[in-house]
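The data block below is model11.txt; it holds compact mmCIF, C-alpha atoms.
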# COMPACT_ATOMS: atom_id res chain seq x y z
CA MET A 1 0.00 0.00 0.00
CA PRO A 2 1.25 3.45 -0.39
CA GLU A 3 2.98 5.06 2.53
CA ALA A 4 0.08 4.80 4.84
CA GLU A 5 -0.35 1.34 3.86
CA PRO A 6 0.44 -1.29 6.16
CA GLY A 7 3.60 0.30 5.56
CA SER A 8 4.15 3.63 7.06
CA GLY A 9 3.81 2.63 10.64
CA THR A 10 2.41 5.98 11.63
CA ASP A 11 -1.27 6.60 11.73
CA ALA A 12 -1.51 9.28 9.10
CA GLU A 13 -5.25 8.88 8.87
CA THR A 14 -7.40 11.87 9.61
CA ALA A 15 -11.13 12.33 9.61
CA SER A 16 -10.94 12.22 5.82
CA GLU A 17 -9.53 8.72 6.13
CA THR A 18 -5.97 9.10 4.91
CA GLU A 19 -4.30 6.09 6.46
CA PRO A 20 -0.75 4.81 6.18
CA ARG A 21 -0.67 2.52 3.19
CA ALA A 22 0.95 -0.82 3.33
CA GLY A 23 3.26 -0.88 0.48
CA THR A 24 5.11 2.33 -0.16
CA ASP A 25 8.40 3.40 1.02
CA THR A 26 7.97 5.02 4.32
CA ASP A 27 10.49 7.70 3.68
CA GLY A 28 8.49 8.88 0.73
CA VAL A 29 11.19 7.91 -1.60
CA LEU A 30 9.34 6.36 -4.49
CA GLU A 31 11.31 3.59 -6.02
CA THR A 32 12.63 5.66 -8.80
CA GLU A 33 14.46 4.09 -11.73
CA PRO A 34 17.69 5.60 -12.99
CA GLU A 35 17.16 8.44 -15.45
CA SER A 36 17.01 7.06 -18.93
CA GLY A 37 19.38 9.68 -20.22
CA THR A 38 20.23 13.34 -20.26
CA ASP A 39 19.79 15.95 -22.93
CA ALA A 40 22.91 16.18 -24.97
CA GLY A 41 21.79 19.50 -26.39
CA GLY A 42 23.69 22.60 -25.48
CA VAL A 43 26.99 20.75 -25.14
CA PRO A 44 29.69 23.37 -25.78
CA GLY A 45 31.73 22.92 -28.90
CA ALA A 46 31.82 24.78 -32.18
CA ASP A 47 30.42 23.29 -35.36
CA PRO A 48 33.37 21.68 -37.16
CA ARG A 49 32.12 23.25 -40.37
CA SER A 50 33.04 26.71 -39.10
CA GLY A 51 36.56 27.63 -40.11
CA ALA A 52 38.67 30.15 -38.29
CA GLY A 53 37.72 32.73 -40.85
CA GLU A 54 34.02 32.39 -39.98
CA ALA A 55 34.79 33.32 -36.44
CA SER A 56 36.34 36.62 -37.44
CA VAL A 57 34.38 39.81 -37.47
CA GLY A 58 35.50 42.60 -39.80
CA SER A 59 38.48 40.63 -41.04
CA GLY A 60 39.81 43.41 -43.23
CA ALA A 61 40.45 41.12 -46.24
CA VAL A 62 40.63 43.13 -49.43
CA ASP A 63 40.20 40.55 -52.19
CA GLY A 64 38.75 37.11 -52.76
CA GLU A 65 42.15 35.50 -52.71
CA SER A 66 42.93 36.71 -49.23
CA GLY A 67 41.44 33.56 -47.65
CA ALA A 68 40.54 33.66 -43.99
CA GLY A 69 42.09 36.83 -42.72
CA GLY A 70 43.16 36.99 -39.11
CA ALA A 71 40.64 38.19 -36.57
CA GLY A 72 40.30 41.94 -36.63
CA GLY A 73 42.01 42.16 -39.99
CA THR A 74 45.45 41.31 -38.70
CA GLY A 75 46.09 39.09 -41.66
CA GLY A 76 46.90 42.07 -43.90
CA ALA A 77 46.05 42.54 -47.57
CA GLU A 78 47.81 39.40 -48.68
CA GLY A 79 45.70 37.48 -46.25
CA ASN A 80 47.81 34.38 -45.85
CA GLY A 81 45.59 33.74 -42.73
CA THR A 82 47.41 30.58 -41.84
CA GLY A 83 49.03 30.14 -38.44
CA ASP A 84 48.65 33.47 -36.72
CA ASP A 85 45.01 33.08 -35.45
CA PRO A 86 44.69 30.99 -32.21
CA GLY A 87 40.99 30.41 -32.97
CA ALA A 88 41.90 28.57 -36.14
CA GLU A 89 43.06 25.60 -34.06
CA THR A 90 40.77 26.08 -31.02
CA ALA A 91 37.49 25.81 -32.92
CA PRO A 92 38.22 22.37 -34.44
CA ARG A 93 39.37 21.13 -31.03
CA ARG A 94 36.14 22.35 -29.48
CA GLY A 95 34.23 20.64 -32.27
CA ARG A 96 35.96 17.34 -31.58
CA ARG A 97 35.28 17.65 -27.85
CA GLY A 98 31.65 18.43 -28.58
CA ARG A 99 31.28 15.34 -30.73
CA LEU A 100 32.96 13.22 -28.06
CA VAL A 101 30.65 14.53 -25.32
CA ARG A 102 27.55 13.97 -27.46
CA ARG A 103 28.61 10.45 -28.34
CA THR A 104 29.36 9.68 -24.70
CA VAL A 105 25.95 10.94 -23.60
CA LEU A 106 24.26 8.91 -26.34
CA ALA A 107 26.13 5.79 -25.23
CA LEU A 108 24.99 6.34 -21.63
CA VAL A 109 21.41 6.87 -22.75
CA LEU A 110 21.47 3.63 -24.69
CA LEU A 111 23.17 1.83 -21.81
CA LEU A 112 20.27 2.79 -19.54
CA LEU A 113 17.40 2.68 -21.99
CA VAL A 114 18.04 -0.67 -23.64
CA PRO A 115 17.81 -2.77 -20.43
CA VAL A 116 14.72 -0.83 -19.30
CA LEU A 117 12.97 -1.32 -22.63
CA ALA A 118 13.93 -4.99 -22.64
CA ALA A 119 12.54 -5.44 -19.12
CA GLU A 120 9.28 -3.65 -19.96
CA THR A 121 8.88 -5.78 -23.07
CA ALA A 122 9.42 -8.93 -21.01
CA LEU A 123 6.74 -7.84 -18.55
CA ARG A 124 4.26 -7.24 -21.35
CA VAL A 125 4.98 -10.70 -22.70
CA ASN A 126 4.50 -12.08 -19.17
CA TYR A 127 0.98 -10.64 -19.21
CA LEU A 128 0.00 -12.67 -22.28
CA GLY A 129 -1.90 -15.93 -22.17
CA ASP A 130 -4.94 -17.20 -20.32
CA PRO A 131 -5.13 -18.09 -16.62
CA ALA A 132 -5.89 -21.71 -15.79
CA ASP A 133 -9.41 -22.75 -14.91
CA GLY A 134 -10.07 -22.78 -11.20
CA THR A 135 -7.60 -20.03 -10.33
CA TYR A 136 -10.12 -18.07 -8.30
CA THR A 137 -10.56 -17.24 -4.63
CA ARG A 138 -9.96 -19.96 -2.07
CA GLY A 139 -11.88 -17.99 0.56
CA LYS A 140 -8.66 -16.82 2.22
CA ASP A 141 -8.50 -13.20 1.09
CA ALA A 142 -7.98 -10.17 3.35
CA ILE A 143 -8.52 -6.42 3.47
CA TRP A 144 -6.74 -3.61 5.31
CA LEU A 145 -9.14 -1.40 7.28
CA GLY A 146 -8.51 2.13 8.52
CA HIS A 147 -8.26 3.31 12.10
CA ALA A 148 -11.80 4.68 12.08
CA TRP A 149 -13.12 1.21 12.93
CA VAL A 150 -11.52 1.25 16.39
CA ASP A 151 -11.53 4.93 17.35
CA GLY A 152 -15.29 5.50 17.54
CA ARG A 153 -15.94 6.98 14.10
CA LYS A 154 -17.58 3.81 12.76
CA THR A 155 -20.86 2.57 14.19
CA ASP A 156 -22.55 -0.82 14.46
CA ALA A 157 -24.50 0.11 11.33
CA ASP A 158 -21.21 0.54 9.49
CA VAL A 159 -20.11 -2.89 10.67
CA LYS A 160 -23.31 -4.41 9.33
CA ALA A 161 -22.82 -2.75 5.96
CA LEU A 162 -19.24 -4.02 5.86
CA ALA A 163 -20.37 -7.54 6.71
CA ASP A 164 -22.99 -7.42 3.94
CA ARG A 165 -20.39 -6.30 1.41
CA LEU A 166 -17.80 -8.89 2.40
CA GLY A 167 -20.37 -11.67 2.46
CA LYS A 168 -20.21 -11.79 -1.35
CA THR A 169 -16.44 -12.14 -1.46
CA GLY A 170 -13.63 -14.48 -0.44
CA ILE A 171 -12.41 -12.19 2.33
CA ARG A 172 -11.79 -13.90 5.66
CA ASP A 173 -9.28 -11.68 7.49
CA LEU A 174 -9.60 -8.04 8.50
CA TYR A 175 -6.35 -6.18 9.20
CA VAL A 176 -7.68 -3.23 11.18
CA HIS A 177 -5.27 -0.40 11.98
CA ALA A 178 -4.76 -0.49 15.75
CA GLY A 179 -1.42 1.30 16.08
CA PRO A 180 0.95 2.74 15.37
CA LEU A 181 3.55 1.28 17.66
CA GLU A 182 5.78 3.74 19.45
CA HIS A 183 9.41 3.75 18.33
CA ASN A 184 10.32 1.91 21.54
CA GLY A 185 7.89 -0.92 20.71
CA THR A 186 5.13 -0.02 23.16
CA LEU A 187 1.48 0.44 22.20
CA PRO A 188 -0.84 2.73 24.19
CA ALA A 189 -4.16 1.09 24.98
CA SER A 190 -5.84 4.34 23.93
CA ALA A 191 -4.81 3.62 20.34
CA TYR A 192 -7.34 0.78 20.09
CA ALA A 193 -9.84 1.69 22.79
CA GLY A 194 -12.83 0.89 20.56
CA ALA A 195 -11.52 -2.50 19.45
CA PRO A 196 -13.57 -4.72 21.82
CA ARG A 197 -16.83 -3.18 20.57
CA PHE A 198 -15.78 -3.50 16.93
CA ILE A 199 -14.67 -7.10 17.33
CA ALA A 200 -17.94 -8.03 19.07
CA ALA A 201 -19.96 -6.39 16.28
CA VAL A 202 -18.01 -8.23 13.58
CA HIS A 203 -18.52 -11.56 15.29
CA ARG A 204 -22.21 -10.83 15.60
CA GLU A 205 -22.71 -9.79 11.96
CA ALA A 206 -20.10 -12.02 10.26
CA PRO A 207 -18.76 -14.75 12.55
CA GLN A 208 -16.68 -16.22 9.73
CA LEU A 209 -14.38 -13.17 9.71
CA ARG A 210 -11.20 -12.91 11.77
CA VAL A 211 -10.07 -9.56 13.13
CA GLN A 212 -6.34 -8.94 13.31
CA ALA A 213 -4.59 -5.87 14.69
CA TRP A 214 -2.60 -4.05 12.03
CA LEU A 215 0.51 -2.68 13.74
CA GLY A 216 3.26 -0.74 12.07
CA ASP A 217 6.04 1.74 12.54
CA VAL A 218 8.82 3.45 10.62
CA LEU A 219 12.17 1.72 11.07
CA ALA A 220 15.38 3.70 11.58
CA SER A 221 17.01 1.81 8.73
CA GLU A 222 17.42 4.82 6.45
CA SER A 223 17.11 7.78 8.81
CA PRO A 224 18.07 8.57 12.42
CA ASN A 225 14.44 8.44 13.59
CA GLY A 226 12.28 5.37 13.97
CA MET A 227 12.13 1.95 15.59
CA ARG A 228 15.47 0.19 16.09
CA LEU A 229 15.04 -3.56 15.88
CA GLU A 230 18.68 -4.09 16.79
CA ARG A 231 17.78 -3.13 20.37
CA ALA A 232 16.71 -6.13 22.43
CA GLU A 233 14.54 -3.99 24.69
CA THR A 234 12.59 -2.69 21.67
CA ARG A 235 11.90 -6.18 20.36
CA ALA A 236 10.80 -7.28 23.86
CA ALA A 237 8.38 -4.34 23.99
CA VAL A 238 6.86 -5.33 20.65
CA VAL A 239 6.26 -8.82 22.01
CA ARG A 240 4.56 -7.37 25.13
CA SER A 241 2.40 -5.13 22.95
CA THR A 242 1.31 -8.17 20.97
CA ARG A 243 0.23 -9.97 24.13
CA GLU A 244 -1.82 -6.91 25.06
CA ILE A 245 -3.69 -6.62 21.79
CA LEU A 246 -4.47 -10.34 21.80
CA ALA A 247 -5.83 -9.94 25.33
CA ALA A 248 -8.11 -7.20 23.98
CA GLY A 249 -9.81 -9.72 21.71
CA PHE A 250 -7.91 -9.55 18.43
CA GLN A 251 -7.49 -12.91 16.73
CA GLY A 252 -4.11 -12.10 15.29
CA ALA A 253 -1.37 -9.52 14.88
CA HIS A 254 -0.43 -8.15 11.46
CA PHE A 255 2.90 -6.29 11.26
CA ASP A 256 4.09 -3.80 8.70
CA LEU A 257 7.49 -2.37 9.60
CA GLU A 258 9.18 -0.28 6.91
CA PRO A 259 11.62 0.26 5.33
CA LEU A 260 12.79 -3.24 6.16
CA HIS A 261 15.99 -4.23 4.41
CA SER A 262 16.56 -7.69 3.02
CA GLY A 263 18.52 -9.97 5.32
CA ASP A 264 17.57 -8.24 8.59
CA GLY A 265 18.35 -10.89 11.21
CA ASP A 266 16.82 -8.86 14.04
CA TYR A 267 13.49 -8.93 12.24
CA LEU A 268 13.67 -12.69 11.82
CA GLY A 269 14.43 -13.07 15.53
CA LEU A 270 11.46 -10.86 16.40
CA LEU A 271 9.18 -13.03 14.26
CA ASP A 272 10.36 -16.14 16.10
CA ASP A 273 9.47 -14.53 19.43
CA LEU A 274 6.10 -13.31 18.15
CA ARG A 275 5.22 -16.70 16.71
CA ALA A 276 5.63 -18.27 20.14
CA VAL A 277 3.14 -15.76 21.57
CA THR A 278 0.50 -16.07 18.85
CA LYS A 279 0.75 -19.84 18.68
CA ALA A 280 0.19 -20.14 22.44
CA ARG A 281 -3.06 -18.15 22.04
CA ASN A 282 -4.15 -19.91 18.83
CA ALA A 283 -3.91 -16.58 17.04
CA GLN A 284 -2.57 -15.56 13.63
CA LEU A 285 0.79 -13.95 12.95
CA SER A 286 0.88 -12.13 9.63
CA VAL A 287 3.13 -9.59 7.95
CA ALA A 288 3.09 -7.18 5.04
CA ALA A 289 6.07 -8.03 2.84
CA HIS A 290 8.22 -6.10 0.40
CA GLN A 291 8.36 -7.15 -3.24
CA ILE A 292 10.96 -9.69 -4.35
CA ASP A 293 13.98 -8.86 -6.51
CA PRO A 294 12.70 -8.87 -10.13
CA VAL A 295 16.22 -10.01 -11.03
CA PRO A 296 18.62 -11.61 -8.53
CA GLY A 297 20.50 -9.10 -6.41
CA PHE A 298 18.48 -6.11 -7.61
CA HIS A 299 17.92 -4.86 -4.06
CA SER A 300 21.69 -4.52 -3.64
CA PHE A 301 22.05 -2.55 -6.86
CA TRP A 302 19.12 -0.29 -6.01
CA GLY A 303 20.32 0.24 -2.47
CA THR A 304 23.79 1.22 -3.70
CA THR A 305 22.48 3.68 -6.28
CA THR A 306 19.56 5.20 -4.33
CA GLY A 307 20.19 4.41 -0.66
CA HIS A 308 16.81 2.63 -0.50
CA PRO A 309 16.94 -1.11 -1.34
CA LYS A 310 13.12 -1.52 -1.54
CA TRP A 311 13.09 -5.16 -2.67
CA TRP A 312 13.87 -8.32 -0.71
CA SER A 313 15.90 -11.21 -2.00
CA GLN A 314 13.82 -14.28 -2.74
CA LYS A 315 15.78 -16.16 -0.08
CA PHE A 316 14.92 -13.61 2.62
CA PHE A 317 11.26 -13.62 1.57
CA GLY A 318 11.22 -17.37 2.10
CA GLN A 319 12.85 -17.00 5.52
CA VAL A 320 10.10 -14.61 6.56
CA ALA A 321 7.33 -16.75 5.06
CA ARG A 322 8.44 -19.79 7.07
CA ARG A 323 8.04 -17.87 10.33
CA VAL A 324 4.46 -16.61 9.92
CA ASP A 325 0.94 -17.84 9.30
CA GLN A 326 0.24 -15.30 6.57
CA ILE A 327 2.43 -13.16 4.34
CA ALA A 328 0.87 -10.41 2.21
CA VAL A 329 2.99 -9.02 -0.63
CA MET A 330 2.64 -5.26 -1.15
CA SER A 331 2.47 -5.73 -4.91
CA TYR A 332 1.75 -2.11 -5.83
CA ASP A 333 3.77 1.10 -6.08
CA THR A 334 5.77 -0.60 -8.81
CA MET A 335 6.60 2.37 -11.12
CA GLN A 336 4.98 0.49 -14.02
CA PRO A 337 3.52 2.77 -16.70
CA LEU A 338 1.00 0.42 -18.33
CA GLN A 339 -1.63 -2.06 -17.19
CA SER A 340 0.09 -4.74 -19.25
CA THR A 341 3.51 -4.19 -17.66
CA TYR A 342 1.98 -3.87 -14.19
CA GLY A 343 0.00 -7.09 -14.65
CA GLY A 344 3.10 -8.85 -15.97
CA TYR A 345 5.06 -7.62 -12.96
CA VAL A 346 2.40 -8.94 -10.54
CA ALA A 347 2.45 -12.29 -12.37
CA GLN A 348 6.22 -12.44 -11.89
CA GLN A 349 5.97 -11.48 -8.21
CA THR A 350 3.29 -14.13 -7.65
CA SER A 351 5.50 -16.83 -9.15
CA LEU A 352 8.59 -15.73 -7.19
CA ALA A 353 6.64 -15.71 -3.92
CA LEU A 354 4.99 -19.09 -4.55
CA GLU A 355 8.37 -20.70 -5.17
CA VAL A 356 9.62 -20.00 -1.64
CA THR A 357 6.46 -19.84 0.49
CA PRO A 358 5.67 -23.05 2.39
CA ALA A 359 2.36 -24.66 1.48
CA SER A 360 1.31 -24.28 5.13
CA THR A 361 1.62 -20.47 5.01
CA ASP A 362 -1.14 -18.31 3.52
CA LEU A 363 0.35 -16.29 0.66
CA LEU A 364 -1.66 -13.19 -0.24
CA MET A 365 -0.95 -10.84 -3.15
CA GLY A 366 -1.84 -7.19 -2.64
CA LEU A 367 -4.48 -5.41 -4.74
CA PRO A 368 -4.41 -1.59 -5.14
CA PHE A 369 -7.76 -0.40 -3.79
CA TYR A 370 -6.51 3.21 -3.80
CA HIS A 371 -5.92 5.89 -6.39
CA GLU A 372 -2.88 8.13 -6.73
CA ASN A 373 -0.80 9.55 -9.53
CA ARG A 374 2.90 9.89 -8.90
CA PHE A 375 6.07 8.36 -10.29
CA GLY A 376 5.90 5.21 -8.18
CA HIS A 377 2.19 4.57 -8.71
CA TRP A 378 0.24 5.44 -11.85
CA ASN A 379 -3.49 5.14 -11.31
CA HIS A 380 -4.18 4.28 -14.96
CA ALA A 381 -1.70 1.40 -14.84
CA GLU A 382 -2.00 -0.12 -11.35
CA THR A 383 -5.60 -1.26 -11.53
CA VAL A 384 -7.34 -4.02 -9.63
CA ALA A 385 -8.28 -5.72 -12.90
CA ALA A 386 -4.64 -5.87 -14.05
CA ALA A 387 -3.46 -7.06 -10.63
CA VAL A 388 -6.06 -9.84 -10.45
CA ARG A 389 -5.21 -11.08 -13.93
CA GLY A 390 -1.50 -10.99 -13.06
CA VAL A 391 -2.14 -12.96 -9.87
CA ARG A 392 -4.08 -15.61 -11.77
CA LEU A 393 -1.38 -15.91 -14.43
CA GLY A 394 1.38 -16.32 -11.85
CA LEU A 395 -0.69 -18.85 -9.90
CA SER A 396 -1.50 -20.78 -13.09
CA ARG A 397 2.15 -21.04 -14.14
CA THR A 398 3.64 -21.90 -10.78
CA ASP A 399 1.22 -23.71 -8.46
CA ALA A 400 -2.34 -23.59 -9.77
CA ASP A 401 -3.65 -25.88 -7.03
CA ARG A 402 -2.12 -24.00 -4.08
CA ALA A 403 -4.83 -24.02 -1.39
CA ASN A 404 -3.42 -21.49 1.07
CA PHE A 405 -3.48 -18.57 -1.34
CA GLY A 406 -5.42 -15.37 -1.77
CA VAL A 407 -5.36 -11.62 -2.36
CA ALA A 408 -5.36 -8.68 0.05
CA ALA A 409 -7.07 -5.37 -0.76
CA TYR A 410 -5.49 -2.09 0.29
CA VAL A 411 -7.43 -0.13 1.60
CA ASP A 412 -11.11 0.08 2.53
CA PHE A 413 -11.52 3.85 2.84
CA ALA A 414 -10.03 4.57 -0.61
CA ALA A 415 -11.83 1.79 -2.52
CA THR A 416 -14.24 2.59 -5.35
CA GLU A 417 -17.14 0.55 -6.68
CA GLN A 418 -15.02 -0.23 -9.73
CA ASP A 419 -12.33 -1.71 -7.47
CA TRP A 420 -14.87 -3.98 -5.81
CA THR A 421 -16.40 -4.97 -9.16
CA SER A 422 -13.00 -5.81 -10.67
CA TYR A 423 -12.10 -7.93 -7.65
CA GLU A 424 -15.43 -9.78 -7.61
CA LYS A 425 -15.66 -10.41 -11.36
CA GLY A 426 -12.01 -11.25 -11.84
CA TRP A 427 -11.28 -13.25 -8.69
CA VAL A 428 -14.46 -14.22 -6.83
CA ARG A 429 -16.75 -15.18 -9.76
For this file, write the structure as C-alpha cells.
Amino acid sequence: MPEAEPGSGTDAETASETEPRAGTDTDGVLETEPESGTDAGGVPGADPRSGAGEASVGSGAVDGESGAGGAGGTGGAEGNGTGDDPGAETAPRRGRRGRLVRRTVLALVLLLLVPVLAAETALRVNYLGDPADGTYTRGKDAIWLGHAWVDGRKTDADVKALADRLGKTGIRDLYVHAGPLEHNGTLPASAYAGAPRFIAAVHREAPQLRVQAWLGDVLASESPNGMRLERAETRAAVVRSTREILAAGFQGAHFDLEPLHSGDGDYLGLLDDLRAVTKARNAQLSVAAHQIDPVPGFHSFWGTTTGHPKWWSQKFFGQVARRVDQIAVMSYDTMQPLQSTYGGYVAQQTSLALEVTPASTDLLMGLPFYHENRFGHWNHAETVAAAVRGVRLGLSRTDADRANFGVAAYVDFAATEQDWTSYEKGWVR
C-alpha cells in the first residue's frame, strides 16, 4: 500500500480517512528508476564546419584570394591567414570535444534505456496468455481497514454494511489499523480503545471473519528516527504489545514495519518470538512483505544507487514466510507505466513468492484499492483488474492448485465501486 499502507507505521489517517498505506516506502522515496538519459543538447563545442575565418568579425580582407584573414584584420592585404590566429586551431578542437561529449551521452542513454525497454517488453509478454481454470478465490482473502473502525468513528451500522459487502467475497481476514507502535515498541491502549466493541460487532454480523490488529512503525534503517530492531529492549516491547492486543480480543497480529531491508536478522528473531506468543493463544501472525527482486540481487544494486533497497531477496522472503501464518505481498507502487507491464510484474511477483512460500503459510498478493498519480504509482496502470489477472497468471504457471493462497485489498476507505467490481468479477466469480 502506499505510505500509509500497512507500511508507514504511523497513523496518518485523519477524519478524511488518509491512512498509512501498506506498500510504499515510508520515507516517501518512491522507487525511482535511474534516469534514462540526459539531454545532450547545449553541449559546448563549435560546429566543425566553421573555419577560423568564420569566427572573425571585420576581417579586413581586401580581395577574394585573401582567404581567412586573421581576426580583426590582422592578416593584412595578402591574407595568408594561416598560423597566426589561435581560434583557427581552437574551434576544431572544441568541435571534436563536442562530438565526443555527445557520443558519450548517447552511449549512456542507450546503456540505460536498452535494459529498461527490454525489461518492460518482457513484462508485457508475461501478461499474455490465459489463466488456468479454477484459479479463483480460495476464501482466504484479506482487506486492510482504517483506524476509524476502532476509534469511535464507525458505528454498528457501518459494521453491518461491511459484513454485507464482504459476504459476497472471499475475504476472511480483517487487518484493522490499531497502532501505530511507538518507536520503543510499546502500544498505548488508547490507540485501540474501541476495538472490543468493533470485534464483538463483527462476530455478531459475520462470525466467519477474523479480526487482526494491524501494527506498524517506521524503522530507523534509512534515517536517524524510527524503531530500532537491533535493540533487544525494543523487540521485547513489541512482544509485550502483541500480548496486550491479543488480550483485547484480536485474533491475530499483522505487522508492517518499513523500510525493512533484506537480510535483517533482528526482524527474523522478532518473528520467532512473536510466533511463540500467537501460537500459544491460537492466534494468527501475519506480515506485510516487500516485493521480491525482479532479477537476482536487484535490491543490492538499487540500495547502492539510491540508498533505498526496496526489494527483498527471494531467499529472505522465504525465511520470513516460514516464520508466519500469513504473508501479504505489497504488490503495488511498482513504477509500471501500463496495465500490461503492471499485470506482468504482478504475475512475476506471484511466481517468485509461490516458489519459496511453504504450502502451510497463507500467501496473499496485494491489490491496489486506492488511487494516486505519482512516479511510483500510476493510477491508470495499477488497476485491480490488471493485478487480479496478473495474480491468476502467476498462480497458473507456478502452483495452480495451491490451497493457502489469496489476495489482500489495500485499503477500505479509498476503494471505489469499480475496485470492488474488478475484484469480484475477476477473482471471486
Open item on the list: List as a list in words the protein and nucleic acid residues near A:Arg402, meaning an atom at most 12 Å away when all atoms listed in the file are counted, but skip any in the same chain fewer than 5 places from it.
Closed with: Gly134, Thr135, Tyr136, Thr137, Arg138, Lys140, Thr350, Ser351, Leu354, Glu355, Thr357, Pro358, Ala359, Ser360, Thr361, Asp362, Leu363, Leu364, Arg392, Gly394, Leu395, Ser396 and Arg397 of chain A
Open item on the list: Would you pick out the contacts of stretch 163-176 of chain A at 10 Å or less, using all atoms listed in the file, so that residues sharing its chain but fewer than 3 positions from it are not included, and give the list as an MDAnalysis selection string?
Closed with: chainID A and resid 6 136:150 157:160 179 192 195 198 201:215 250:255 284 286 406:412 420 423:424 427:429
Open item on the list: Under the rule that all atoms listed in the file are counted, which of A:Leu257, A:Ile199, A:Ala193, A:Ala237 is the nearest residue to A:Val218?
Closed with: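 Using all atoms listed in the file, the shortest distance to A:Val218 belongs to A:Leu257.
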- [ ] Record the distance separating atom CA of A:Glu372 and atom CA of A:Ala414, expressed in Å with one decimal.
- [x] 10.1 Å
TODO: May I ask for the distance between atom CA of A:Tyr342 and atom CA of A:Thr398, given in Å to one decimal place?
DONE: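 For atom CA of A:Tyr342 relative to atom CA of A:Thr398, the distance reads 18.4 Å.
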- [ ] Write out as number ranges by chain which residues come within 6 Å of A:Ala415 when counting all atoms listed in the file, dropping same-chain ones fewer than 2 positions away.
- [x] A: 369-370, 412-413
Open item on the list: One decimal, in Å: what's the spacing between atom CA of A:Asp133 and atom CA of A:Gly426?
Closed with: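 Separation between atom CA of A:Asp133 and atom CA of A:Gly426: 12.2 Å.
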Skip A:Ala189 itself and residues of its chain fewer than 4 positions away, then list as a PDB file with C-alpha atoms, keeping the file's coordinate frame all residues within 12 Å of it, counting only C-alpha atoms.
ATOM      1  CA  VAL A 150     -11.520   1.250  16.390  1.00  0.00           C
ATOM      2  CA  ASP A 151     -11.530   4.930  17.350  1.00  0.00           C
ATOM      3  CA  ALA A 178      -4.760  -0.490  15.750  1.00  0.00           C
ATOM      4  CA  GLY A 179      -1.420   1.300  16.080  1.00  0.00           C
ATOM      5  CA  PRO A 180       0.950   2.740  15.370  1.00  0.00           C
ATOM      6  CA  LEU A 181       3.550   1.280  17.660  1.00  0.00           C
ATOM      7  CA  GLU A 182       5.780   3.740  19.450  1.00  0.00           C
ATOM      8  CA  ALA A 193      -9.840   1.690  22.790  1.00  0.00           C
ATOM      9  CA  GLY A 194     -12.830   0.890  20.560  1.00  0.00           C
ATOM     10  CA  ALA A 195     -11.520  -2.500  19.450  1.00  0.00           C
ATOM     11  CA  PRO A 196     -13.570  -4.720  21.820  1.00  0.00           C
ATOM     12  CA  SER A 241       2.400  -5.130  22.950  1.00  0.00           C
ATOM     13  CA  THR A 242       1.310  -8.170  20.970  1.00  0.00           C
ATOM     14  CA  ARG A 243       0.230  -9.970  24.130  1.00  0.00           C
ATOM     15  CA  GLU A 244      -1.820  -6.910  25.060  1.00  0.00           C
ATOM     16  CA  ILE A 245      -3.690  -6.620  21.790  1.00  0.00           C
ATOM     17  CA  LEU A 246      -4.470 -10.340  21.800  1.00  0.00           C
ATOM     18  CA  ALA A 247      -5.830  -9.940  25.330  1.00  0.00           C
ATOM     19  CA  ALA A 248      -8.110  -7.200  23.980  1.00  0.00           C
TER      20      ALA A 248
END
